[in-house]
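A.B. asks: You'll find my_file.csv just under this line, and it carries CSV, C-alpha atoms and all ligand atoms.
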chain,number,residue,atom,x,y,z
A,195,MET,CA,6.8,18.1,-14.2
A,196,LEU,CA,3.6,16.4,-15.3
A,197,VAL,CA,0.6,18.5,-16.1
A,198,CYS,CA,-3.1,17.7,-15.8
A,199,THR,CA,-4.5,18.6,-19.2
A,200,GLU,CA,-5.7,16.3,-21.9
A,201,LYS,CA,-4.2,18.5,-24.6
A,202,TYR,CA,-0.7,19.4,-23.6
A,203,ASN,CA,2.4,18.2,-21.9
A,204,ASP,CA,4.4,20.5,-19.6
A,205,SER,CA,6.6,22.2,-22.2
A,206,GLU,CA,3.7,22.5,-24.6
A,207,LEU,CA,1.5,24.1,-21.9
A,208,ARG,CA,4.2,26.6,-21.0
A,209,ALA,CA,4.8,27.4,-24.7
A,210,ALA,CA,1.0,27.9,-25.2
A,211,LEU,CA,0.7,30.2,-22.2
A,212,LYS,CA,3.8,32.2,-23.1
A,213,LYS,CA,2.0,33.1,-26.4
A,214,LYS,CA,-1.1,34.3,-24.5
A,215,LEU,CA,0.5,36.2,-21.6
A,216,ASP,CA,2.8,39.2,-21.5
A,217,PRO,CA,6.3,38.4,-20.2
A,218,ALA,CA,5.7,39.7,-16.6
A,219,ARG,CA,2.4,37.7,-16.3
A,220,TYR,CA,4.1,34.6,-17.6
A,221,GLU,CA,6.9,34.9,-15.0
A,222,HIS,CA,4.2,35.5,-12.4
A,223,SER,CA,2.4,32.4,-13.5
A,224,LEU,CA,5.5,30.3,-13.2
A,225,GLY,CA,6.1,31.9,-9.7
A,226,VAL,CA,2.6,30.9,-8.6
A,227,ALA,CA,3.0,27.3,-10.0
A,228,TYR,CA,6.3,26.8,-8.1
A,229,THR,CA,5.2,28.5,-4.9
A,230,ALA,CA,2.0,26.4,-4.9
A,231,CYS,CA,4.1,23.2,-5.3
A,232,ASN,CA,6.3,24.4,-2.4
A,233,LEU,CA,3.2,25.0,-0.2
A,234,PHE,CA,1.9,21.5,-1.0
A,235,LEU,CA,5.3,20.0,-0.1
A,236,SER,CA,5.6,22.0,3.1
A,237,HIS,CA,2.1,20.8,4.2
A,238,GLY,CA,3.0,17.1,3.6
A,239,HIS,CA,1.4,16.7,0.2
A,240,GLY,CA,4.3,15.4,-1.9
A,241,SER,CA,2.9,12.9,-4.4
A,242,THR,CA,3.6,13.5,-8.1
A,243,GLU,CA,-0.1,13.5,-8.8
A,244,GLU,CA,-0.8,16.2,-6.2
A,245,LEU,CA,2.1,18.3,-7.3
A,246,SER,CA,1.1,18.0,-11.0
A,247,ARG,CA,-2.5,19.1,-10.2
A,248,VAL,CA,-1.4,22.2,-8.2
A,249,TYR,CA,1.3,23.1,-10.7
A,250,THR,CA,-1.2,23.0,-13.5
A,251,ALA,CA,-3.6,25.2,-11.5
A,252,GLY,CA,-0.8,27.7,-10.8
A,253,LEU,CA,0.4,27.8,-14.4
A,254,LEU,CA,-3.1,28.4,-15.7
A,255,HIS,CA,-4.6,30.6,-13.0
A,256,ASP,CA,-4.2,33.8,-15.0
A,257,CYS,CA,-4.7,32.3,-18.5
A,258,ALA,CA,-7.5,34.8,-19.3
A,259,LYS,CA,-5.6,37.8,-17.8
A,260,CYS,CA,-4.0,39.3,-21.0
A,261,LEU,CA,-6.9,39.0,-23.4
A,262,ASP,CA,-7.9,42.1,-25.2
A,263,GLU,CA,-11.5,43.3,-24.7
A,264,GLU,CA,-12.6,42.0,-28.1
A,265,LYS,CA,-11.3,38.5,-27.5
A,266,ARG,CA,-12.6,38.5,-23.9
A,267,ASP,CA,-16.1,39.5,-25.0
A,268,LYS,CA,-16.0,36.9,-27.7
A,269,TYR,CA,-15.2,34.1,-25.2
A,270,ILE,CA,-17.8,35.4,-22.7
A,271,LYS,CA,-20.4,35.1,-25.5
A,272,LYS,CA,-19.2,31.8,-26.8
A,273,TYR,CA,-19.2,30.1,-23.5
A,274,ASN,CA,-22.2,31.9,-22.0
A,275,VAL,CA,-20.3,33.3,-19.1
A,276,GLU,CA,-22.7,35.1,-16.8
A,277,LEU,CA,-21.2,38.3,-15.4
A,278,THR,CA,-22.3,40.1,-12.2
A,279,GLU,CA,-22.8,43.8,-12.0
A,280,MET,CA,-19.6,44.0,-9.9
A,281,GLU,CA,-17.7,42.2,-12.7
A,282,ILE,CA,-19.1,44.5,-15.4
A,283,GLN,CA,-18.1,47.5,-13.3
A,284,HIS,CA,-14.6,46.0,-12.4
A,285,PRO,CA,-13.6,44.0,-15.5
A,286,PHE,CA,-10.3,42.8,-14.0
A,287,LEU,CA,-12.4,40.4,-11.9
A,288,ILE,CA,-13.6,38.6,-15.0
A,289,HIS,CA,-10.3,36.8,-15.7
A,290,ALA,CA,-10.8,34.4,-12.8
A,291,LYS,CA,-14.2,33.2,-13.9
A,292,LEU,CA,-13.3,33.2,-17.6
A,293,GLY,CA,-9.9,31.6,-16.9
A,294,ALA,CA,-11.7,28.7,-15.2
A,295,VAL,CA,-13.8,28.2,-18.4
A,296,LEU,CA,-10.8,28.5,-20.7
A,297,ALA,CA,-8.7,26.1,-18.6
A,298,LYS,CA,-11.4,23.5,-19.4
A,299,GLU,CA,-12.4,24.5,-22.9
A,300,LYS,CA,-9.1,25.6,-24.4
A,301,TYR,CA,-6.4,23.9,-22.3
A,302,GLY,CA,-8.1,20.6,-21.8
A,303,VAL,CA,-8.3,20.5,-18.0
A,304,THR,CA,-11.0,18.2,-16.6
A,305,ASP,CA,-10.1,18.2,-12.9
A,306,GLU,CA,-12.8,20.2,-11.2
A,307,GLU,CA,-10.6,21.3,-8.3
A,308,ILE,CA,-8.0,22.7,-10.7
A,309,ILE,CA,-10.8,24.6,-12.4
A,310,SER,CA,-12.3,25.9,-9.1
A,311,SER,CA,-8.9,26.9,-7.8
A,312,ILE,CA,-8.6,29.1,-10.9
A,313,ARG,CA,-12.2,30.4,-10.4
A,314,TRP,CA,-11.5,31.6,-6.8
A,315,HIS,CA,-7.9,32.7,-7.1
A,316,THR,CA,-8.8,36.5,-7.2
A,317,THR,CA,-11.7,36.9,-4.8
A,318,GLY,CA,-11.3,33.8,-2.6
A,319,CYS,CA,-14.5,32.3,-1.2
A,320,ALA,CA,-15.8,30.9,2.0
A,321,GLY,CA,-14.5,27.4,3.0
A,322,MET,CA,-11.9,27.0,0.3
A,323,SER,CA,-10.4,23.5,-0.3
A,324,PHE,CA,-6.7,23.1,0.5
A,325,MET,CA,-5.8,23.5,-3.2
A,326,GLU,CA,-8.0,26.5,-3.7
A,327,ALA,CA,-6.5,28.2,-0.6
A,328,VAL,CA,-2.9,27.3,-1.8
A,329,ILE,CA,-3.5,28.9,-5.3
A,330,PHE,CA,-5.2,31.9,-3.7
A,331,SER,CA,-2.2,32.4,-1.3
A,332,ALA,CA,0.5,31.6,-3.8
A,333,ASP,CA,-1.0,34.2,-6.1
A,334,PHE,CA,-0.6,36.8,-3.3
A,335,ILE,CA,2.9,35.9,-2.1
A,336,GLU,CA,4.9,34.5,-5.1
A,337,PRO,CA,8.4,36.1,-5.3
A,338,ASN,CA,7.8,38.2,-8.4
A,339,ARG,CA,5.1,40.2,-6.7
A,340,LYS,CA,5.9,43.8,-5.7
A,341,GLN,CA,7.1,43.9,-2.1
A,342,LEU,CA,4.3,44.6,0.4
A,343,LEU,CA,4.8,45.4,4.1
A,344,CYS,CA,2.5,42.6,5.2
A,345,TYR,CA,4.7,39.9,3.5
A,346,GLU,CA,7.0,39.8,6.5
A,347,GLU,CA,4.1,38.4,8.6
A,348,ILE,CA,2.2,36.5,5.9
A,349,ARG,CA,5.0,34.7,3.9
A,350,PRO,CA,6.4,32.7,6.8
A,351,LEU,CA,2.9,32.1,8.3
A,352,ILE,CA,1.6,30.5,5.1
A,353,TYR,CA,4.0,27.6,5.6
A,354,LYS,CA,2.8,27.1,9.2
A,355,ASP,CA,-0.9,27.9,9.2
A,356,LEU,CA,-2.4,28.3,5.8
A,357,ASN,CA,-5.9,29.2,6.9
A,358,LYS,CA,-4.7,31.9,9.2
A,359,ALA,CA,-2.6,33.3,6.4
A,360,VAL,CA,-5.7,33.3,4.1
A,361,TYR,CA,-7.5,35.3,6.8
A,362,LEU,CA,-4.6,37.9,6.9
A,363,ILE,CA,-4.5,38.1,3.1
A,364,LEU,CA,-8.3,38.8,3.0
A,365,LYS,CA,-7.9,41.3,5.8
A,366,HIS,CA,-5.1,43.1,3.9
A,367,THR,CA,-7.3,43.1,0.7
A,368,LEU,CA,-10.3,44.6,2.5
A,369,ALA,CA,-8.1,47.3,4.1
A,370,HIS,CA,-6.5,48.0,0.7
A,371,LEU,CA,-9.9,48.3,-1.0
A,372,GLU,CA,-11.2,50.6,1.7
A,373,ASN,CA,-8.2,52.8,1.4
A,374,LYS,CA,-8.8,53.2,-2.3
A,375,GLY,CA,-12.5,53.7,-1.8
A,376,GLN,CA,-13.4,50.6,-3.8
A,377,PRO,CA,-16.2,48.2,-3.2
A,378,VAL,CA,-15.6,44.6,-2.0
A,379,GLU,CA,-16.7,41.7,-4.2
A,380,GLU,CA,-19.3,39.5,-2.5
A,381,HIS,CA,-17.3,36.3,-2.4
A,382,THR,CA,-14.3,38.2,-0.8
A,383,LEU,CA,-16.6,39.5,1.9
A,384,GLU,CA,-18.1,36.0,2.5
A,385,ALA,CA,-14.6,34.6,2.6
A,386,TYR,CA,-13.4,37.3,5.1
A,387,GLU,CA,-16.4,36.5,7.4
A,388,TYR,CA,-15.8,32.8,7.2
A,389,TYR,CA,-12.0,33.0,7.9
A,390,SER,CA,-12.2,35.7,10.5
A,391,LYS,CA,-14.7,33.7,12.6
A,392,ARG,CA,-12.5,30.6,12.5
A,393,PHE,CA,-8.9,31.8,12.2
A,394,SER,CA,-8.4,35.3,13.5
B,401,FE,FE,-5.3,36.7,-11.4
B,402,FE,FE,-2.1,35.9,-10.6
For the file at hand, write its structure as structure tokens.
Ligand SMILES: [Fe+2]
Ligand SMILES: [Fe+2]

C.D. replies:
Amino acid sequence: MLVCTEKYNDSELRAALKKKLDPARYEHSLGVAYTACNLFLSHGHGSTEELSRVYTAGLLHDCAKCLDEEKRDKYIKKYNVELTEMEIQHPFLIHAKLGAVLAKEKYGVTDEEIISSIRWHTTGCAGMSFMEAVIFSADFIEPNRKQLLCYEEIRPLIYKDLNKAVYLILKHTLAHLENKGQPVEEHTLEAYEYYSKRFS
């Protein structure tokens, strides 16, 4: 598979990621990359260039997930990453924003849509592009994920009606957060409002 970075070829990129992620996170990243390619193919986007772009986004989407606090804070400072109060209170959210920065700065990605797909893979946002929606959804459904009841409905739907599936994923996320008594990130809320108006 071709990859869209100015620094690595496919095997080099996978080797670099393998060093930075724990084994389960690396397997998950491969799962997202292949699921995302599959989604592109099933929606009629089959050119090598398109598949290379979405494969790269899938591989790199969690590139900042396994950083220890010290390293994470070092990169936040180095690249002037601005954090919201929500991200400070819930640091797991930071890996999406920081991952987008590292994809560019450390892994040599220049394609803005790959970078924005990494940026929005956790929270989603209103009006996602096709690739952003594919990475967001592939992250949720890839086969290594722990089995969820909603998969029976969402997994097949993703191949038929991606936007409706994005709506259901957001709905599931909101219900899950409410159950746990946790607040909803602002972009997730905006995304839910956007997709529920159009695709519920
Ligand atoms: Fe993630
Ligand atoms: Fe992920």

A.B. asks: Ranking A:His370, A:Lys271, A:Arg219, A:Lys365 by minimum distance to Gly252 in chain A and counting only C-alpha atoms, which one comes first?

C.D. replies: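 Of all the options, A:Arg219 lies closest to Gly252 in chain A.
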
A.B. asks: Do you know which residues are at most 10 Å from range 203-210 of chain A counting only C-alpha atoms, after dropping those on the same chain fewer than 6 positions away, and could you put them as a VMD selection string?

C.D. replies: chain A and resid 195 to 197 220 223 to 224 246 249 to 250 253 to 254 257 301

A.B. asks: Excluding range 290-296 of chain A and any residue of its chain fewer than 4 positions from it, enumerate the residues within 8 Å of it, using only C-alpha atoms, and give them as a ChimeraX atom specification.

C.D. replies: /A:254-259,269-270,273,275,300-301,309-310,312-316

A.B. asks: Please compute the CA of Tyr361 in chain A-CA of Ser390 in chain A distance, one decimal, in Å.

C.D. replies: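 Between CA of Tyr361 in chain A and CA of Ser390 in chain A the gap is 6.0 Å.
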
A.B. asks: When distances are computed from only C-alpha atoms, which of A:Asp262, A:Glu200, A:Glu221, A:Asp216 shows the smallest separation from Asp333 in chain A?

C.D. replies: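 Between A:Asp262, A:Glu200, A:Glu221, A:Asp216, the residue approaching Asp333 in chain A most closely is A:Glu221.
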
A.B. asks: In Å, how far is it from CA of Ala320 in chain A to CA of Glu384 in chain A?

C.D. replies: 5.6 Å

A.B. asks: Take range 369-388 of chain A, bring it up to N, CA and C atoms, and give me the output as a short mmCIF file (atom, residue, chain, number, x, y, z; two decimals), in the coordinates of the input.

C.D. replies:
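The result, stored in result_32.cif:
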data_model
loop_
_atom_site.label_atom_id
_atom_site.label_comp_id
_atom_site.auth_asym_id
_atom_site.auth_seq_id
_atom_site.Cartn_x
_atom_site.Cartn_y
_atom_site.Cartn_z
N ALA A 369 -8.66 46.04 3.64
CA ALA A 369 -8.10 47.30 4.10
C ALA A 369 -7.63 48.12 2.83
N HIS A 370 -7.00 47.40 1.89
CA HIS A 370 -6.50 48.00 0.70
C HIS A 370 -7.66 48.62 -0.15
N LEU A 371 -8.75 47.84 -0.27
CA LEU A 371 -9.90 48.30 -1.00
C LEU A 371 -10.56 49.52 -0.35
N GLU A 372 -10.63 49.46 0.97
CA GLU A 372 -11.20 50.60 1.70
C GLU A 372 -10.42 51.84 1.54
N ASN A 373 -9.09 51.68 1.60
CA ASN A 373 -8.20 52.80 1.40
C ASN A 373 -8.40 53.47 0.03
N LYS A 374 -8.64 52.65 -0.98
CA LYS A 374 -8.80 53.20 -2.30
C LYS A 374 -10.27 53.55 -2.61
N GLY A 375 -11.14 53.35 -1.62
CA GLY A 375 -12.50 53.70 -1.80
C GLY A 375 -13.26 52.79 -2.78
N GLN A 376 -12.78 51.54 -2.88
CA GLN A 376 -13.40 50.60 -3.80
C GLN A 376 -14.29 49.60 -3.14
N PRO A 377 -15.33 49.14 -3.81
CA PRO A 377 -16.20 48.20 -3.20
C PRO A 377 -15.58 46.78 -3.08
N VAL A 378 -16.14 45.96 -2.18
CA VAL A 378 -15.60 44.60 -2.00
C VAL A 378 -16.51 43.62 -2.69
N GLU A 379 -15.91 42.72 -3.45
CA GLU A 379 -16.70 41.70 -4.20
C GLU A 379 -17.34 40.77 -3.16
N GLU A 380 -18.54 40.28 -3.48
CA GLU A 380 -19.30 39.50 -2.50
C GLU A 380 -18.63 38.28 -1.94
N HIS A 381 -17.92 37.55 -2.82
CA HIS A 381 -17.30 36.30 -2.40
C HIS A 381 -16.07 36.64 -1.43
N THR A 382 -15.44 37.77 -1.68
CA THR A 382 -14.30 38.20 -0.80
C THR A 382 -14.86 38.49 0.58
N LEU A 383 -16.01 39.16 0.60
CA LEU A 383 -16.60 39.50 1.90
C LEU A 383 -17.05 38.22 2.64
N GLU A 384 -17.68 37.31 1.92
CA GLU A 384 -18.10 36.00 2.50
C GLU A 384 -16.85 35.27 3.03
N ALA A 385 -15.80 35.30 2.24
CA ALA A 385 -14.60 34.60 2.60
C ALA A 385 -14.00 35.23 3.91
N TYR A 386 -13.98 36.57 3.93
CA TYR A 386 -13.40 37.30 5.10
C TYR A 386 -14.26 36.89 6.35
N GLU A 387 -15.58 36.89 6.22
CA GLU A 387 -16.40 36.50 7.40
C GLU A 387 -16.15 35.11 7.82
N TYR A 388 -16.02 34.21 6.88
CA TYR A 388 -15.80 32.80 7.20
C TYR A 388 -14.42 32.61 7.90
#
